[in-house]
>>> print(open('my_file_34.cif').read())   # mmCIF, C-alpha atoms
data_work
#
loop_
_atom_site.label_atom_id
_atom_site.label_comp_id
_atom_site.auth_asym_id
_atom_site.auth_seq_id
_atom_site.Cartn_x
_atom_site.Cartn_y
_atom_site.Cartn_z
CA MET V 1 8.87 36.66 -15.01
CA GLN V 2 7.13 37.71 -18.22
CA ASN V 3 3.49 38.24 -19.13
CA LYS V 4 1.61 37.10 -22.24
CA ASN V 5 3.00 40.06 -24.22
CA ASN V 6 6.54 38.88 -23.41
CA GLU V 7 7.06 41.89 -21.13
CA SER V 8 8.92 41.55 -17.89
CA LEU V 9 7.08 42.37 -14.67
CA ALA V 10 9.06 45.64 -14.50
CA GLU V 11 8.12 46.62 -18.07
CA TYR V 12 4.47 45.80 -17.44
CA ALA V 13 4.35 47.85 -14.22
CA ALA V 14 6.09 50.81 -15.89
CA GLN V 15 3.67 50.75 -18.82
CA ARG V 16 0.60 50.45 -16.58
CA GLN V 17 1.59 53.57 -14.67
CA VAL V 18 2.39 55.52 -17.87
CA ASP V 19 -1.02 54.60 -19.28
CA ALA V 20 -2.78 55.73 -16.07
CA TYR V 21 -0.66 58.93 -16.01
CA ASN V 22 -1.65 59.74 -19.59
CA ASP V 23 -5.30 59.01 -18.76
CA LYS V 24 -4.93 61.27 -15.70
CA ASP V 25 -6.62 58.51 -13.69
CA ILE V 26 -5.28 59.01 -10.16
CA ASP V 27 -6.77 55.79 -8.79
CA ALA V 28 -5.40 53.60 -11.59
CA PHE V 29 -2.07 55.45 -11.30
CA LEU V 30 -1.79 54.81 -7.55
CA ASP V 31 -2.76 51.15 -8.06
CA CYS V 32 0.60 50.70 -9.81
CA TYR V 33 2.54 51.60 -6.65
CA SER V 34 3.16 49.95 -3.30
CA ASP V 35 1.75 51.58 -0.17
CA ASP V 36 5.28 52.51 0.95
CA ILE V 37 6.39 54.01 -2.39
CA GLU V 38 9.36 56.40 -2.29
CA LEU V 39 10.00 58.91 -5.08
CA THR V 40 13.46 60.46 -5.26
CA TYR V 41 15.15 63.19 -7.28
CA GLN V 42 18.22 61.32 -8.56
CA HIS V 43 20.49 64.37 -8.85
CA SER V 44 20.06 65.45 -5.21
CA GLY V 45 19.00 62.22 -3.54
CA GLU V 46 16.02 64.07 -2.04
CA VAL V 47 13.02 61.85 -1.35
CA PHE V 48 10.14 64.10 -2.40
CA CYS V 49 7.30 61.67 -1.76
CA LYS V 50 6.71 58.82 0.69
CA GLY V 51 3.57 56.73 0.48
CA LYS V 52 0.40 56.84 -1.57
CA VAL V 53 -1.24 59.59 0.50
CA GLU V 54 1.56 62.03 -0.41
CA MET V 55 1.57 60.74 -3.96
CA ARG V 56 -2.16 61.45 -4.34
CA ALA V 57 -1.59 64.97 -2.94
CA ILE V 58 1.10 65.63 -5.57
CA TYR V 59 -0.27 63.92 -8.67
CA GLY V 60 -4.04 64.37 -8.18
CA PRO V 61 -3.91 68.18 -8.42
CA MET V 62 -1.41 67.99 -11.30
CA PHE V 63 -3.75 65.71 -13.27
CA ASN V 64 -6.57 68.21 -12.70
CA ARG V 65 -4.62 71.35 -13.64
CA CYS V 66 -2.79 69.86 -16.67
CA PRO V 67 -5.45 68.61 -19.12
CA ASP V 68 -2.89 68.19 -21.92
CA LEU V 69 -0.49 66.12 -19.82
CA LEU V 70 1.15 63.40 -21.90
CA CYS V 71 4.20 61.23 -21.29
CA ILE V 72 5.79 59.74 -24.40
CA ILE V 73 8.25 56.90 -23.85
CA VAL V 74 11.26 57.39 -26.11
CA LYS V 75 13.04 54.27 -24.93
CA ARG V 76 12.55 51.66 -22.23
CA ILE V 77 15.22 49.37 -20.81
CA ALA V 78 14.32 46.52 -18.49
CA CYS V 79 16.82 44.71 -16.31
CA GLY V 80 15.48 42.30 -13.71
CA GLU V 81 13.20 44.18 -11.35
CA PHE V 82 14.09 47.59 -12.87
CA ALA V 83 12.57 49.51 -15.77
CA ILE V 84 14.27 52.66 -17.04
CA ASP V 85 12.25 55.05 -19.19
CA GLU V 86 13.50 57.93 -21.27
CA GLU V 87 10.51 60.25 -21.49
CA LEU V 88 9.23 63.37 -23.17
CA VAL V 89 6.56 64.99 -21.02
CA ASN V 90 4.19 67.55 -22.53
CA GLY V 91 1.54 69.61 -20.80
CA GLN V 92 3.16 69.83 -17.35
CA VAL V 93 4.78 73.18 -18.10
CA LYS V 94 2.87 75.25 -20.66
CA GLY V 95 4.63 75.38 -24.01
CA LYS V 96 7.52 73.18 -22.90
CA THR V 97 8.51 69.57 -23.49
CA ILE V 98 10.41 68.10 -20.55
CA HIS V 99 13.10 65.53 -21.30
CA ALA V 100 13.27 63.16 -18.35
CA THR V 101 14.42 59.74 -17.19
CA ALA V 102 12.60 57.59 -14.68
CA ILE V 103 13.95 54.48 -13.00
CA TYR V 104 11.37 52.17 -11.45
CA HIS V 105 12.02 49.33 -9.03
CA VAL V 106 9.23 46.77 -9.11
CA ASN V 107 8.60 44.37 -6.24
CA GLN V 108 7.53 40.71 -6.51
CA ASN V 109 3.88 41.77 -6.43
CA GLY V 110 4.35 43.79 -9.62
CA LEU V 111 4.12 47.15 -7.84
CA ILE V 112 6.56 50.01 -8.10
CA ASP V 113 8.08 50.53 -4.65
CA LYS V 114 10.87 52.99 -5.48
CA ALA V 115 11.37 55.45 -8.31
CA TRP V 116 14.11 57.90 -9.19
CA PHE V 117 13.64 60.84 -11.56
CA MET V 118 15.99 63.09 -13.51
CA ARG V 119 15.12 65.81 -15.92
CA ASP V 120 16.92 68.06 -18.35
CA GLU V 121 15.91 71.56 -17.29
#
>>> encode(input="my_file_34.cif", output="structure tokens")
Amino acid sequence: MQNKNNESLAEYAAQRQVDAYNDKDIDAFLDCYSDDIELTYQHSGEVFCKGKVEMRAIYGPMFNRCPDLLCIIVKRIACGEFAIDEELVNGQVKGKTIHATAIYHVNQNGLIDKAWFMRDE
């Protein structure tokens, strides 16, 4: 399924959450995710967040303490219900740009219900 901008549902969901992340708008950010969201570190398989309550507890304080937070999408690949973003994240660690990859699974309601993250430390 594609929207009026010819984006797939997965691309649209991924972009919505990046926009909310960059705006540091915790409510808009959480609106992009399903209630039972699971966030996982890809390299270890560790689920580091389950559900929106935990997500708010992680991202809300980060948005408040990182006023220069900015995620730049280098490349996005969409395949069915998945969007894969190569990212450069500034402002999370002072003076450092983090090179990361995020994989988002988007459900039929257009919400991200699973996400996997990797970063180049």
>>> residues_near_point(input="my_file_34.cif", point="(7.3, 73.4, -21.8)", cutoff="12 Å", atoms="all atoms listed in the file", output="ChimeraX atom specification")
/V:66,68-70,88-99,120-121
>>> atom_distance(input="my_file_34.cif", atom1="CA of Cys32 (chain V)", atom2="CA of Pro61 (chain V)")
18.1 Å
>>> resolve_selection(input="my_file_34.cif", expression="the PyMOL selection byres ((chain V and resi 64) around 12)", output="PDB file with C-alpha atoms, in the coordinates of the input")
ATOM      1  CA  TYR V  21      -0.660  58.930 -16.010  1.00  0.00           C
ATOM      2  CA  ASN V  22      -1.650  59.740 -19.590  1.00  0.00           C
ATOM      3  CA  ASP V  23      -5.300  59.010 -18.760  1.00  0.00           C
ATOM      4  CA  LYS V  24      -4.930  61.270 -15.700  1.00  0.00           C
ATOM      5  CA  ASP V  25      -6.620  58.510 -13.690  1.00  0.00           C
ATOM      6  CA  ILE V  26      -5.280  59.010 -10.160  1.00  0.00           C
ATOM      7  CA  ARG V  56      -2.160  61.450  -4.340  1.00  0.00           C
ATOM      8  CA  ALA V  57      -1.590  64.970  -2.940  1.00  0.00           C
ATOM      9  CA  ILE V  58       1.100  65.630  -5.570  1.00  0.00           C
ATOM     10  CA  TYR V  59      -0.270  63.920  -8.670  1.00  0.00           C
ATOM     11  CA  GLY V  60      -4.040  64.370  -8.180  1.00  0.00           C
ATOM     12  CA  PRO V  61      -3.910  68.180  -8.420  1.00  0.00           C
ATOM     13  CA  MET V  62      -1.410  67.990 -11.300  1.00  0.00           C
ATOM     14  CA  PHE V  63      -3.750  65.710 -13.270  1.00  0.00           C
ATOM     15  CA  ARG V  65      -4.620  71.350 -13.640  1.00  0.00           C
ATOM     16  CA  CYS V  66      -2.790  69.860 -16.670  1.00  0.00           C
ATOM     17  CA  PRO V  67      -5.450  68.610 -19.120  1.00  0.00           C
ATOM     18  CA  ASP V  68      -2.890  68.190 -21.920  1.00  0.00           C
ATOM     19  CA  LEU V  69      -0.490  66.120 -19.820  1.00  0.00           C
ATOM     20  CA  GLY V  91       1.540  69.610 -20.800  1.00  0.00           C
ATOM     21  CA  GLN V  92       3.160  69.830 -17.350  1.00  0.00           C
TER      22      GLN V  92
END
>>> atom_distance(input="my_file_34.cif", atom1="CA of Trp116 (chain V)", atom2="CA of Ala28 (chain V)")
20.1 Å
>>> closest_residue(input="my_file_34.cif", among="V:Ala13, V:Ala78, V:Val106, V:Tyr41", to="Phe29 (chain V)", atoms="only C-alpha atoms")
V:Ala13
>>> closest_residue(input="my_file_34.cif", among="V:Ile112, V:Leu39, V:Val53, V:Ala100", to="Ala83 (chain V)", atoms="all atoms listed in the file")
V:Ile112
>>> atom_distance(input="my_file_34.cif", atom1="CA of Gln42 (chain V)", atom2="CA of Gln17 (chain V)")
19.3 Å
>>> residues_around(input="my_file_34.cif", residues="Gly45 (chain V)", least_positions_apart="5", cutoff="12 Å", atoms="only C-alpha atoms", output="PyMOL selection string")
chain V and resi 38-40+115-118
>>> resolve_selection(input="my_file_34.cif", expression="the PyMOL selection byres ((chain V and resi 35) around 7)", output="PyMOL selection string")
chain V and resi 33-34+36-37+51-52
>>> closest_residue(input="my_file_34.cif", among="V:Ala102, V:Asp113, V:Glu46, V:Asn107", to="Glu81 (chain V)", atoms="only C-alpha atoms")
V:Asn107
>>> decode(input="my_file_34.cif", residues="region 103-118 of chain V", atoms="N, CA and C atoms", output="compact mmCIF listing (two decimals), in the first residue's frame")
# COMPACT_ATOMS: atom_id res chain seq x y z
N ILE V 103 15.99 -1.02 11.63
CA ILE V 103 15.05 -1.82 10.83
C ILE V 103 13.70 -1.74 11.53
N TYR V 104 12.70 -1.30 10.80
CA TYR V 104 11.36 -1.14 11.36
C TYR V 104 10.39 -2.11 10.69
N HIS V 105 9.62 -2.82 11.50
CA HIS V 105 8.52 -3.61 10.98
C HIS V 105 7.25 -2.84 11.25
N VAL V 106 6.44 -2.66 10.22
CA VAL V 106 5.23 -1.86 10.31
C VAL V 106 4.02 -2.77 10.11
N ASN V 107 3.08 -2.68 11.05
CA ASN V 107 1.88 -3.53 10.98
C ASN V 107 0.85 -2.94 10.00
N GLN V 108 -0.26 -3.63 9.84
CA GLN V 108 -1.29 -3.22 8.86
C GLN V 108 -1.95 -1.90 9.23
N ASN V 109 -1.81 -1.47 10.48
CA ASN V 109 -2.37 -0.20 10.91
C ASN V 109 -1.39 0.96 10.69
N GLY V 110 -0.24 0.66 10.11
CA GLY V 110 0.75 1.70 9.84
C GLY V 110 1.59 2.08 11.05
N LEU V 111 1.61 1.20 12.06
CA LEU V 111 2.39 1.46 13.27
C LEU V 111 3.59 0.53 13.34
N ILE V 112 4.68 1.05 13.85
CA ILE V 112 5.88 0.24 14.02
C ILE V 112 5.66 -0.65 15.24
N ASP V 113 5.78 -1.97 15.04
CA ASP V 113 5.56 -2.89 16.16
C ASP V 113 6.82 -3.62 16.59
N LYS V 114 7.85 -3.56 15.78
CA LYS V 114 9.16 -4.12 16.14
C LYS V 114 10.23 -3.28 15.47
N ALA V 115 11.34 -3.11 16.17
CA ALA V 115 12.47 -2.38 15.59
C ALA V 115 13.77 -2.97 16.11
N TRP V 116 14.75 -3.02 15.21
CA TRP V 116 16.07 -3.55 15.54
C TRP V 116 17.08 -2.45 15.24
N PHE V 117 18.08 -2.31 16.11
CA PHE V 117 19.05 -1.22 15.97
C PHE V 117 20.48 -1.78 16.01
N MET V 118 21.32 -1.21 15.18
CA MET V 118 22.76 -1.48 15.21
C MET V 118 23.47 -0.16 15.09
